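Only one structure is covered here, and it is reproduced in the block below.
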Amino acid sequence: MSQSALASVPTVSLYGIRFSKLNMQDTVNLLTECIEQRQPTQVITGNPIMVMTALEQSHFHDVMAGADLVVPDGTGVVWA
């Protein structure tokens, strides 16, 4: 798994934060490959409170926007 494979994960952008559109099984498979290849991967489980905090704190937004993979945590993010 190359870094470009992570970059090709289908996403939807919420306020400049790219949330993965992968289902749970595909996410597990992707991360399993990263682990097997010893590829360091920053994963964030983003929830609505984190998105709102990112809107108020630019450094927090930068961290979320720069993560290798942001997966939705909660129906609020999924619905958005």
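Just remember, in the structure tokens the first chain shown is A, the second B, etc., residues are 1-based per chain, and ligands are 1-based in the order shown.
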Please identify all polymer residues within 10 Å of Thr75 in chain A, counting only C-alpha atoms, omitting same-chain residues fewer than 4 positions from it, and present them as a PyMOL selection string. chain A and resi 47-48+79-80
Restricting the output to all heavy atoms, write the selected residues as an mmCIF file, in the first residue's frame.
```
data_model
loop_
_atom_site.group_PDB
_atom_site.id
_atom_site.type_symbol
_atom_site.label_atom_id
_atom_site.label_comp_id
_atom_site.auth_asym_id
_atom_site.auth_seq_id
_atom_site.Cartn_x
_atom_site.Cartn_y
_atom_site.Cartn_z
ATOM 1 N N ASN A 47 -15.725 13.363 14.780
ATOM 2 C CA ASN A 47 -17.126 13.491 15.147
ATOM 3 C C ASN A 47 -17.561 14.955 14.985
ATOM 4 O O ASN A 47 -16.723 15.826 14.719
ATOM 5 C CB ASN A 47 -17.360 12.976 16.566
ATOM 6 C CG ASN A 47 -16.598 13.752 17.615
ATOM 7 O OD1 ASN A 47 -16.506 14.974 17.575
ATOM 8 N ND2 ASN A 47 -16.028 13.041 18.572
ATOM 9 N N PRO A 48 -18.849 15.248 15.119
ATOM 10 C CA PRO A 48 -19.320 16.617 14.921
ATOM 11 C C PRO A 48 -18.652 17.645 15.840
ATOM 12 O O PRO A 48 -18.372 18.774 15.400
ATOM 13 C CB PRO A 48 -20.821 16.530 15.204
ATOM 14 C CG PRO A 48 -21.173 15.119 14.866
ATOM 15 C CD PRO A 48 -19.972 14.318 15.293
ATOM 16 N N TRP A 79 -24.458 11.862 8.159
ATOM 17 C CA TRP A 79 -25.588 12.573 7.566
ATOM 18 C C TRP A 79 -25.123 13.822 6.812
ATOM 19 O O TRP A 79 -25.667 14.152 5.768
ATOM 20 C CB TRP A 79 -26.603 12.964 8.615
ATOM 21 C CG TRP A 79 -27.397 11.807 9.173
ATOM 22 C CD1 TRP A 79 -27.491 10.549 8.653
ATOM 23 C CD2 TRP A 79 -28.184 11.815 10.348
ATOM 24 N NE1 TRP A 79 -28.291 9.770 9.453
ATOM 25 C CE2 TRP A 79 -28.736 10.518 10.499
ATOM 26 C CE3 TRP A 79 -28.472 12.770 11.302
ATOM 27 C CZ2 TRP A 79 -29.568 10.178 11.548
ATOM 28 C CZ3 TRP A 79 -29.309 12.431 12.354
ATOM 29 C CH2 TRP A 79 -29.842 11.149 12.463
ATOM 30 N N ALA A 80 -24.143 14.507 7.377
ATOM 31 C CA ALA A 80 -23.633 15.721 6.721
ATOM 32 C C ALA A 80 -22.987 15.366 5.395
ATOM 33 O O ALA A 80 -23.101 16.061 4.429
ATOM 34 C CB ALA A 80 -22.623 16.432 7.622
#
```
Based on DSSP run over this structure's backbone, return all residues of chain A in alpha helix (DSSP H), as a VMD selection string. chain A and resid 3 to 7 24 to 36 48 to 56 58 to 66 75 to 79
May I have a table of the residues of range 25-50 of chain A lying at most 7 Å from range 67-72 of chain A, giving each one's closest pair of atoms and their distance in Å to one decimal, counting only C-alpha atoms, ordered by chain and ascending residue number, as CSV?
```
residue,atom,partner,partner_atom,distance
A:Thr41,CA,A:Asp68,CA,6.0
A:Gln42,CA,A:Asp68,CA,5.2
A:Val43,CA,A:Leu69,CA,4.8
A:Ile44,CA,A:Val70,CA,4.7
A:Thr45,CA,A:Val71,CA,4.9
A:Gly46,CA,A:Pro72,CA,5.2
A:Asn47,CA,A:Pro72,CA,6.2
```
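We find CA of Leu22 in chain A and CA of Met64 in chain A to be spaced 17.4 Å apart.
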So, counting only C-alpha atoms, which residue among A:Val12, A:Ile17, A:Ala7, A:Met24 is closest to Met52 in chain A?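 For Met52 in chain A, the nearest of the candidates is A:Ile17.
Relative to CA of Gly66 in chain A, CA of Thr32 in chain A is found at 20.7 Å.
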Selected residue of minimal separation from Ala65 in chain A among A:Val51, A:Ser8, A:Cys34, A:Pro40, counting only C-alpha atoms: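 Comparing A:Val51, A:Ser8, A:Cys34, A:Pro40 against Ala65 in chain A, the winner is A:Val51.
Every residue of chain A with a DSSP assignment of strand (DSSP E), taken from the backbone, is listed as Thr11, Val12, Ser13, Leu14, Ile17, Arg18, Phe19, Ser20, Val43, Ile44, Thr45, Gly46, Leu69, Val70, Val71 and Pro72 of chain A.
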Would you export the selected residues with N, CA and C atoms as a short mmCIF file (atom, residue, chain, number, x, y, z; two decimals), in the first residue's frame, please?
```cif
data_model
loop_
_atom_site.label_atom_id
_atom_site.label_comp_id
_atom_site.auth_asym_id
_atom_site.auth_seq_id
_atom_site.Cartn_x
_atom_site.Cartn_y
_atom_site.Cartn_z
N THR A 11 -13.54 10.25 -0.75
CA THR A 11 -13.84 11.10 0.40
C THR A 11 -14.94 12.10 0.07
N VAL A 12 -15.46 12.68 1.13
CA VAL A 12 -16.35 13.83 1.01
C VAL A 12 -15.79 14.89 1.94
N SER A 13 -15.74 16.12 1.46
CA SER A 13 -15.13 17.21 2.23
C SER A 13 -16.19 17.93 3.05
N LEU A 14 -15.91 18.07 4.35
CA LEU A 14 -16.73 18.89 5.24
C LEU A 14 -15.83 19.98 5.79
N ILE A 17 -12.17 19.24 5.51
CA ILE A 17 -11.69 18.00 6.12
C ILE A 17 -12.24 16.85 5.28
N ARG A 18 -11.34 16.03 4.76
CA ARG A 18 -11.73 14.93 3.88
C ARG A 18 -12.10 13.69 4.69
N PHE A 19 -13.39 13.39 4.75
CA PHE A 19 -13.88 12.20 5.45
C PHE A 19 -13.98 11.04 4.48
N SER A 20 -13.50 9.89 4.90
CA SER A 20 -13.55 8.68 4.08
C SER A 20 -14.98 8.24 3.84
N VAL A 43 -4.63 8.22 11.55
CA VAL A 43 -6.06 8.01 11.40
C VAL A 43 -6.78 8.81 12.48
N ILE A 44 -7.79 9.56 12.06
CA ILE A 44 -8.61 10.33 13.00
C ILE A 44 -10.05 9.85 12.85
N THR A 45 -10.70 9.60 13.97
CA THR A 45 -12.13 9.30 13.96
C THR A 45 -12.85 10.60 14.30
N GLY A 46 -13.32 11.28 13.27
CA GLY A 46 -13.87 12.61 13.42
C GLY A 46 -15.36 12.61 13.75
N LEU A 69 -6.08 9.56 6.99
CA LEU A 69 -7.43 9.01 6.87
C LEU A 69 -8.28 9.57 8.00
N VAL A 70 -9.42 10.15 7.64
CA VAL A 70 -10.39 10.62 8.63
C VAL A 70 -11.66 9.83 8.40
N VAL A 71 -12.04 9.06 9.40
CA VAL A 71 -13.26 8.26 9.29
C VAL A 71 -14.35 8.90 10.13
N PRO A 72 -15.59 8.86 9.65
CA PRO A 72 -16.68 9.48 10.40
C PRO A 72 -16.98 8.71 11.68
#
```
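Minimum distance to Glu56 in chain A across A:Lys21, A:Tyr15, A:Val28, A:Ala5 (counting only C-alpha atoms) occurs at A:Tyr15.
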How far is it from CA of Gln25 in chain A to CA of Met50 in chain A, in Å with one decimal?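 About the pair CA of Gln25 in chain A and CA of Met50 in chain A: they are 23.8 Å apart.
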